[in-house]
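Have a look at model-v5.txt below; it lists compact mmCIF, C-alpha atoms.
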```txt
# COMPACT_ATOMS: atom_id res chain seq x y z
CA MET A 1 114.39 128.20 129.94
CA SER A 2 113.13 125.52 127.56
CA VAL A 3 110.06 123.42 128.27
CA ILE A 4 108.67 120.22 126.71
CA VAL A 5 105.01 120.40 125.67
CA PRO A 6 102.61 118.18 123.72
CA LEU A 7 103.41 118.81 120.06
CA ASN A 8 99.75 119.38 119.22
CA MET A 9 100.01 122.65 121.19
CA MET A 10 102.21 124.02 118.41
CA SER A 11 101.04 125.19 114.98
CA ARG A 12 101.57 122.97 111.94
CA ASN A 13 103.34 125.88 110.28
CA ALA A 14 105.85 126.18 113.14
CA ILE A 15 106.49 122.41 113.01
CA GLU A 16 107.03 122.43 109.24
CA GLN A 17 109.36 125.44 109.44
CA LEU A 18 111.42 123.71 112.12
CA LEU A 19 111.63 120.48 110.10
CA ASP A 20 112.71 122.42 107.00
CA ALA A 21 115.38 124.25 109.02
CA ALA A 22 116.69 121.02 110.56
CA PHE A 23 116.50 118.70 107.52
CA GLY A 24 115.90 120.82 104.43
CA PRO A 25 112.82 121.15 102.24
CA ASP A 26 113.71 117.97 100.29
CA ARG A 27 113.17 115.79 103.39
CA HIS A 28 109.83 114.40 102.12
CA GLY A 29 111.54 111.90 99.81
CA ARG A 30 113.34 110.07 102.60
CA THR A 31 112.55 106.43 103.41
CA ALA A 32 111.13 107.35 106.83
CA TYR A 33 108.42 109.40 105.08
CA LEU A 34 107.52 106.41 102.89
CA ILE A 35 107.21 104.11 105.90
CA ARG A 36 104.67 106.38 107.62
CA ASP A 37 103.01 107.72 104.46
CA GLY A 38 99.50 109.03 105.05
CA MET A 39 99.45 108.40 108.80
CA PRO A 40 98.77 111.15 111.34
CA TRP A 41 101.34 111.50 114.10
CA LEU A 42 100.35 110.22 117.54
CA PRO A 43 99.65 113.19 119.85
CA GLU A 44 100.28 111.21 123.04
CA LEU A 45 103.81 110.28 121.87
CA SER A 46 104.81 113.49 120.05
CA PHE A 47 106.48 116.40 121.81
CA GLY A 48 107.68 119.91 121.18
CA MET A 49 110.23 122.04 122.96
CA ARG A 50 109.60 125.76 123.41
CA ASP A 51 112.16 128.34 124.37
CA GLY A 52 111.56 131.09 126.94
CA GLU A 53 109.64 133.17 124.39
CA GLY A 54 107.35 130.28 123.44
CA ARG A 55 109.06 129.64 120.09
CA LEU A 56 109.26 126.02 118.87
CA ILE A 57 112.94 124.99 118.95
CA GLY A 58 112.53 121.20 118.93
CA SER A 59 110.06 118.55 117.92
CA LEU A 60 109.72 114.80 117.97
CA GLN A 61 106.88 113.04 116.22
CA SER A 62 105.82 109.40 116.60
CA TRP A 63 103.83 107.53 113.96
CA PRO A 64 101.70 104.38 113.83
CA VAL A 65 103.40 101.94 111.46
CA ALA A 66 103.42 98.17 111.04
CA LEU A 67 105.60 95.34 109.86
CA ALA A 68 103.60 93.52 107.15
CA HIS A 69 104.42 89.82 107.06
CA GLU A 70 104.23 87.54 104.02
CA ASP A 71 101.21 85.70 105.49
CA GLY A 72 99.22 88.96 105.61
CA SER A 73 99.53 89.50 109.36
CA ARG A 74 100.88 92.77 110.70
CA THR A 75 102.94 93.64 113.76
CA PRO A 76 102.10 97.14 115.04
CA LEU A 77 105.03 99.44 115.78
CA ILE A 78 105.53 103.10 116.57
CA MET A 79 108.03 104.95 114.42
CA VAL A 80 109.92 107.64 116.33
CA GLY A 81 111.20 110.63 114.43
CA PRO A 82 112.18 112.89 113.12
CA VAL A 83 113.92 114.42 116.12
CA ALA A 84 114.33 118.02 114.96
CA VAL A 85 116.17 120.81 116.75
CA ASP A 86 116.58 124.36 115.50
CA PRO A 87 120.14 124.53 114.09
CA ALA A 88 120.79 127.67 116.19
CA VAL A 89 120.42 125.67 119.44
CA GLN A 90 121.66 122.21 118.45
CA GLY A 91 124.08 120.53 120.81
CA ALA A 92 122.40 121.80 123.98
CA GLY A 93 120.61 118.52 124.84
CA HIS A 94 117.18 119.41 123.44
CA GLY A 95 116.97 116.35 121.19
CA ARG A 96 118.04 114.07 124.02
CA ALA A 97 115.39 115.57 126.31
CA LEU A 98 112.72 114.98 123.66
CA MET A 99 113.84 111.36 123.26
CA ASP A 100 113.77 110.90 127.04
CA ALA A 101 110.18 112.17 127.00
CA VAL A 102 108.97 109.86 124.24
CA VAL A 103 110.63 106.75 125.67
CA ALA A 104 109.23 107.51 129.15
CA ALA A 105 105.73 108.12 127.73
CA ALA A 106 105.87 104.91 125.67
CA ARG A 107 106.96 102.90 128.71
CA ALA A 108 104.23 104.44 130.86
CA ARG A 109 101.61 103.58 128.22
CA ARG A 110 103.16 100.12 127.56
CA SER A 111 102.94 101.07 123.90
CA ASP A 112 103.77 98.97 120.89
CA PRO A 113 107.53 98.62 120.28
CA LEU A 114 109.31 101.75 119.10
CA MET A 115 111.34 101.76 115.90
CA MET A 116 113.40 104.33 114.05
CA ILE A 117 116.06 104.90 111.44
CA GLY A 118 119.02 106.36 113.31
CA ASP A 119 122.54 106.14 114.63
CA PRO A 120 122.80 102.88 116.62
CA GLU A 121 125.70 104.12 118.72
CA TYR A 122 123.75 107.15 119.96
CA TYR A 123 120.24 105.71 120.27
CA GLY A 124 121.57 102.44 121.67
CA ARG A 125 123.75 104.10 124.29
CA PHE A 126 121.08 106.34 125.79
CA TRP A 127 117.82 104.41 125.27
CA GLY A 128 118.68 100.84 124.28
CA PHE A 129 117.56 100.95 120.63
CA SER A 130 119.13 98.10 118.68
CA ALA A 131 119.20 96.51 115.23
CA GLU A 132 119.22 93.05 116.85
CA GLY A 133 115.64 92.11 115.97
CA THR A 134 115.32 94.09 112.74
CA GLY A 135 117.47 91.98 110.41
CA GLY A 136 114.43 90.57 108.64
CA TRP A 137 112.77 93.95 108.14
CA ASP A 138 112.62 95.72 104.79
CA CYS A 139 111.74 99.30 103.90
CA PRO A 140 110.00 100.91 100.90
CA GLY A 141 113.13 102.93 100.11
CA PRO A 142 116.88 102.84 100.62
CA PHE A 143 118.20 102.24 104.13
CA GLU A 144 121.25 100.96 105.96
CA PRO A 145 120.25 97.81 107.90
CA ARG A 146 122.46 98.75 110.87
CA ARG A 147 120.46 102.00 111.23
CA LEU A 148 117.04 100.26 111.37
CA LEU A 149 116.52 100.20 115.13
CA ALA A 150 113.87 99.02 117.56
CA LEU A 151 113.15 99.16 121.28
CA SER A 152 110.65 97.08 123.25
CA VAL A 153 109.19 99.29 125.97
CA ASP A 154 107.35 96.47 127.75
CA GLY A 155 109.54 93.40 127.28
CA ARG A 156 107.79 92.05 124.18
CA PRO A 157 110.27 90.44 121.80
CA ILE A 158 111.12 92.28 118.59
CA GLY A 159 111.76 90.46 115.35
CA GLY A 160 110.06 88.86 112.41
CA THR A 161 110.35 89.45 108.72
CA GLY A 162 108.41 91.74 106.44
CA MET A 163 107.99 95.20 104.97
CA LEU A 164 107.57 98.32 107.08
CA GLY A 165 104.75 100.65 106.14
CA PRO A 166 101.86 102.74 107.43
CA ARG A 167 99.49 101.10 109.89
CA ALA A 168 95.93 100.64 108.70
CA THR A 169 94.36 101.40 112.08
CA VAL A 170 95.77 103.79 114.62
CA ARG A 171 96.53 102.36 118.08
CA ALA A 172 99.27 103.34 120.52
```

Represent the structure contained in this file as structure tokens.
Amino acid sequence: MSVIVPLNMMSRNAIEQLLDAAFGPDRHGRTAYLIRDGMPWLPELSFGMRDGEGRLIGSLQSWPVALAHEDGSRTPLIMVGPVAVDPAVQGAGHGRALMDAVVAAARARRSDPLMMIGDPEYYGRFWGFSAEGTGGWDCPGPFEPRRLLALSVDGRPIGGTGMLGPRATVRA
């Protein structure tokens, strides 16, 4: 039986091995890594999934990022991802369970809006992520605008224009 646990209960080595298995060792050059560059993941919004033997088979990290506006102001956001599942157990609902956990935790905390780079059909269908308010957002690397998604967990509107990047101060 699999169980969701706080990700900080798992070793960094186990997390890195899982991410390499799920996305490959060249994953560090992706745009998502540039957006959250240098930021620590948020323990209260990051989860792991262990199998019956205690082995890490899934992880989901959340990161403090911000939308930097032309006037110098910043809108705090929380970047969700990557959602990683051991290739040997993909398709069994582990990633969906991890996403359920992070969205529920963010709603309970009334956190800053969540954002991610992902499949709008999947993340929109299950959790309501949308590209509706992200049309004015830019990223420090290549991205498909339709895959730049956001979700307000407390009813705050999402929008604005600017460049996504790491947040200077950490708040969830």

What's the 12 Å shell around Met99 (chain A), counting all atoms listed in the file, without same-chain residues fewer than 5 positions away, as a CSV table (one decimal) with C-alpha atoms, keeping the file's coordinate frame?
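After the write, around05.csv holds the following:
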```
chain,number,residue,atom,x,y,z
A,4,ILE,CA,108.7,120.2,126.7
A,45,LEU,CA,103.8,110.3,121.9
A,46,SER,CA,104.8,113.5,120.0
A,47,PHE,CA,106.5,116.4,121.8
A,48,GLY,CA,107.7,119.9,121.2
A,49,MET,CA,110.2,122.0,123.0
A,58,GLY,CA,112.5,121.2,118.9
A,59,SER,CA,110.1,118.6,117.9
A,60,LEU,CA,109.7,114.8,118.0
A,61,GLN,CA,106.9,113.0,116.2
A,62,SER,CA,105.8,109.4,116.6
A,80,VAL,CA,109.9,107.6,116.3
A,81,GLY,CA,111.2,110.6,114.4
A,82,PRO,CA,112.2,112.9,113.1
A,83,VAL,CA,113.9,114.4,116.1
A,84,ALA,CA,114.3,118.0,115.0
A,85,VAL,CA,116.2,120.8,116.8
A,93,GLY,CA,120.6,118.5,124.8
A,94,HIS,CA,117.2,119.4,123.4
A,104,ALA,CA,109.2,107.5,129.2
A,105,ALA,CA,105.7,108.1,127.7
A,106,ALA,CA,105.9,104.9,125.7
A,114,LEU,CA,109.3,101.8,119.1
A,116,MET,CA,113.4,104.3,114.0
A,122,TYR,CA,123.8,107.2,120.0
A,123,TYR,CA,120.2,105.7,120.3
A,124,GLY,CA,121.6,102.4,121.7
A,126,PHE,CA,121.1,106.3,125.8
A,127,TRP,CA,117.8,104.4,125.3
A,128,GLY,CA,118.7,100.8,124.3
A,129,PHE,CA,117.6,101.0,120.6
```

For Pro64 (chain A), please output as a tab-separated table (two decimals) with C-alpha atoms, in the coordinates of the input all residues within 10 Å (counting all atoms listed in the file; exclusion window: fewer than 6 positions along the same chain).
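Result file follows (selection.tsv):
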```
chain	number	residue	atom	x	y	z
A	35	ILE	CA	107.21	104.11	105.90
A	36	ARG	CA	104.67	106.38	107.62
A	39	MET	CA	99.45	108.40	108.80
A	40	PRO	CA	98.77	111.15	111.34
A	41	TRP	CA	101.34	111.50	114.10
A	42	LEU	CA	100.35	110.22	117.54
A	76	PRO	CA	102.10	97.14	115.04
A	77	LEU	CA	105.03	99.44	115.78
A	78	ILE	CA	105.53	103.10	116.57
A	79	MET	CA	108.03	104.95	114.42
A	80	VAL	CA	109.92	107.64	116.33
A	112	ASP	CA	103.77	98.97	120.89
A	114	LEU	CA	109.31	101.75	119.10
A	165	GLY	CA	104.75	100.65	106.14
A	166	PRO	CA	101.86	102.74	107.43
A	167	ARG	CA	99.49	101.10	109.89
A	168	ALA	CA	95.93	100.64	108.70
A	169	THR	CA	94.36	101.40	112.08
A	170	VAL	CA	95.77	103.79	114.62
A	171	ARG	CA	96.53	102.36	118.08
A	172	ALA	CA	99.27	103.34	120.52
```

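Of note, CA of Arg107 (chain A) and CA of Gly95 (chain A) are spaced 18.4 Å apart.
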
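The residue that comes closest to Arg109 (chain A), out of A:Ile15, A:Val153, A:Val65, A:Leu56 and on the basis of all atoms listed in the file, is A:Val153.
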
Next item on the list: Write out as a ChimeraX atom specification which residues come within 7 Å of Ser2 (chain A) when counting only C-alpha atoms, dropping same-chain ones fewer than 4 positions away.
Entry: /A:49-52

Next item on the list: Select, from A:Pro6, A:Gly160, A:Gly38, A:Gly141, the residue with the minimum atom-to-atom distance to Leu67 (chain A), counting only C-alpha atoms.
Entry: A:Gly160

Notebook entry, point to check: Nearest to Leu34 (chain A): which of A:Val103, A:Ala66, A:Cys139, A:Ala14 is it, counting all atoms listed in the file?
Noted result: A:Cys139

Next item on the list: Excluding Glu16 (chain A) and residues on its chain fewer than 5 positions from it, collect all residues at most 10 Å away from it, counting all atoms listed in the file, and give them as a ChimeraX atom specification.
Entry: /A:11,21-22,25,59

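Checking A:Leu149, A:Val89, A:Met9, A:Ile57 one by one against Gly118 (chain A), counting all atoms listed in the file, you find the shortest gap at A:Leu149.
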
Take region 153-167 of chain A, model N, CA and C atoms, and hand the result over as a compact mmCIF listing (two decimals), in the frame of the given file.
```txt
# COMPACT_ATOMS: atom_id res chain seq x y z
N VAL A 153 109.38 98.49 124.76
CA VAL A 153 109.19 99.29 125.97
C VAL A 153 108.49 98.50 127.07
N ASP A 154 108.06 97.27 126.75
CA ASP A 154 107.35 96.47 127.75
C ASP A 154 107.84 95.02 127.83
N GLY A 155 108.98 94.75 127.21
CA GLY A 155 109.54 93.40 127.28
C GLY A 155 109.11 92.47 126.17
N ARG A 156 108.17 92.89 125.31
CA ARG A 156 107.79 92.05 124.18
C ARG A 156 108.99 91.85 123.26
N PRO A 157 109.16 90.64 122.72
CA PRO A 157 110.27 90.44 121.80
C PRO A 157 110.04 91.20 120.49
N ILE A 158 111.16 91.58 119.87
CA ILE A 158 111.12 92.28 118.59
C ILE A 158 111.79 91.40 117.56
N GLY A 159 111.16 91.28 116.41
CA GLY A 159 111.76 90.46 115.35
C GLY A 159 110.79 90.28 114.21
N GLY A 160 110.92 89.16 113.53
CA GLY A 160 110.06 88.86 112.41
C GLY A 160 110.65 89.34 111.10
N THR A 161 109.94 89.02 110.05
CA THR A 161 110.35 89.45 108.72
C THR A 161 109.17 90.13 108.04
N GLY A 162 109.47 91.07 107.17
CA GLY A 162 108.41 91.74 106.44
C GLY A 162 108.80 93.14 106.01
N MET A 163 107.81 93.85 105.50
CA MET A 163 107.99 95.20 104.97
C MET A 163 107.36 96.21 105.91
N LEU A 164 108.11 97.24 106.25
CA LEU A 164 107.57 98.32 107.08
C LEU A 164 106.71 99.24 106.23
N GLY A 165 105.62 99.72 106.83
CA GLY A 165 104.75 100.65 106.14
C GLY A 165 103.74 101.25 107.10
N PRO A 166 102.87 102.11 106.58
CA PRO A 166 101.86 102.74 107.43
C PRO A 166 100.94 101.69 108.04
N ARG A 167 100.44 101.98 109.23
CA ARG A 167 99.49 101.10 109.89
C ARG A 167 98.09 101.42 109.41
```
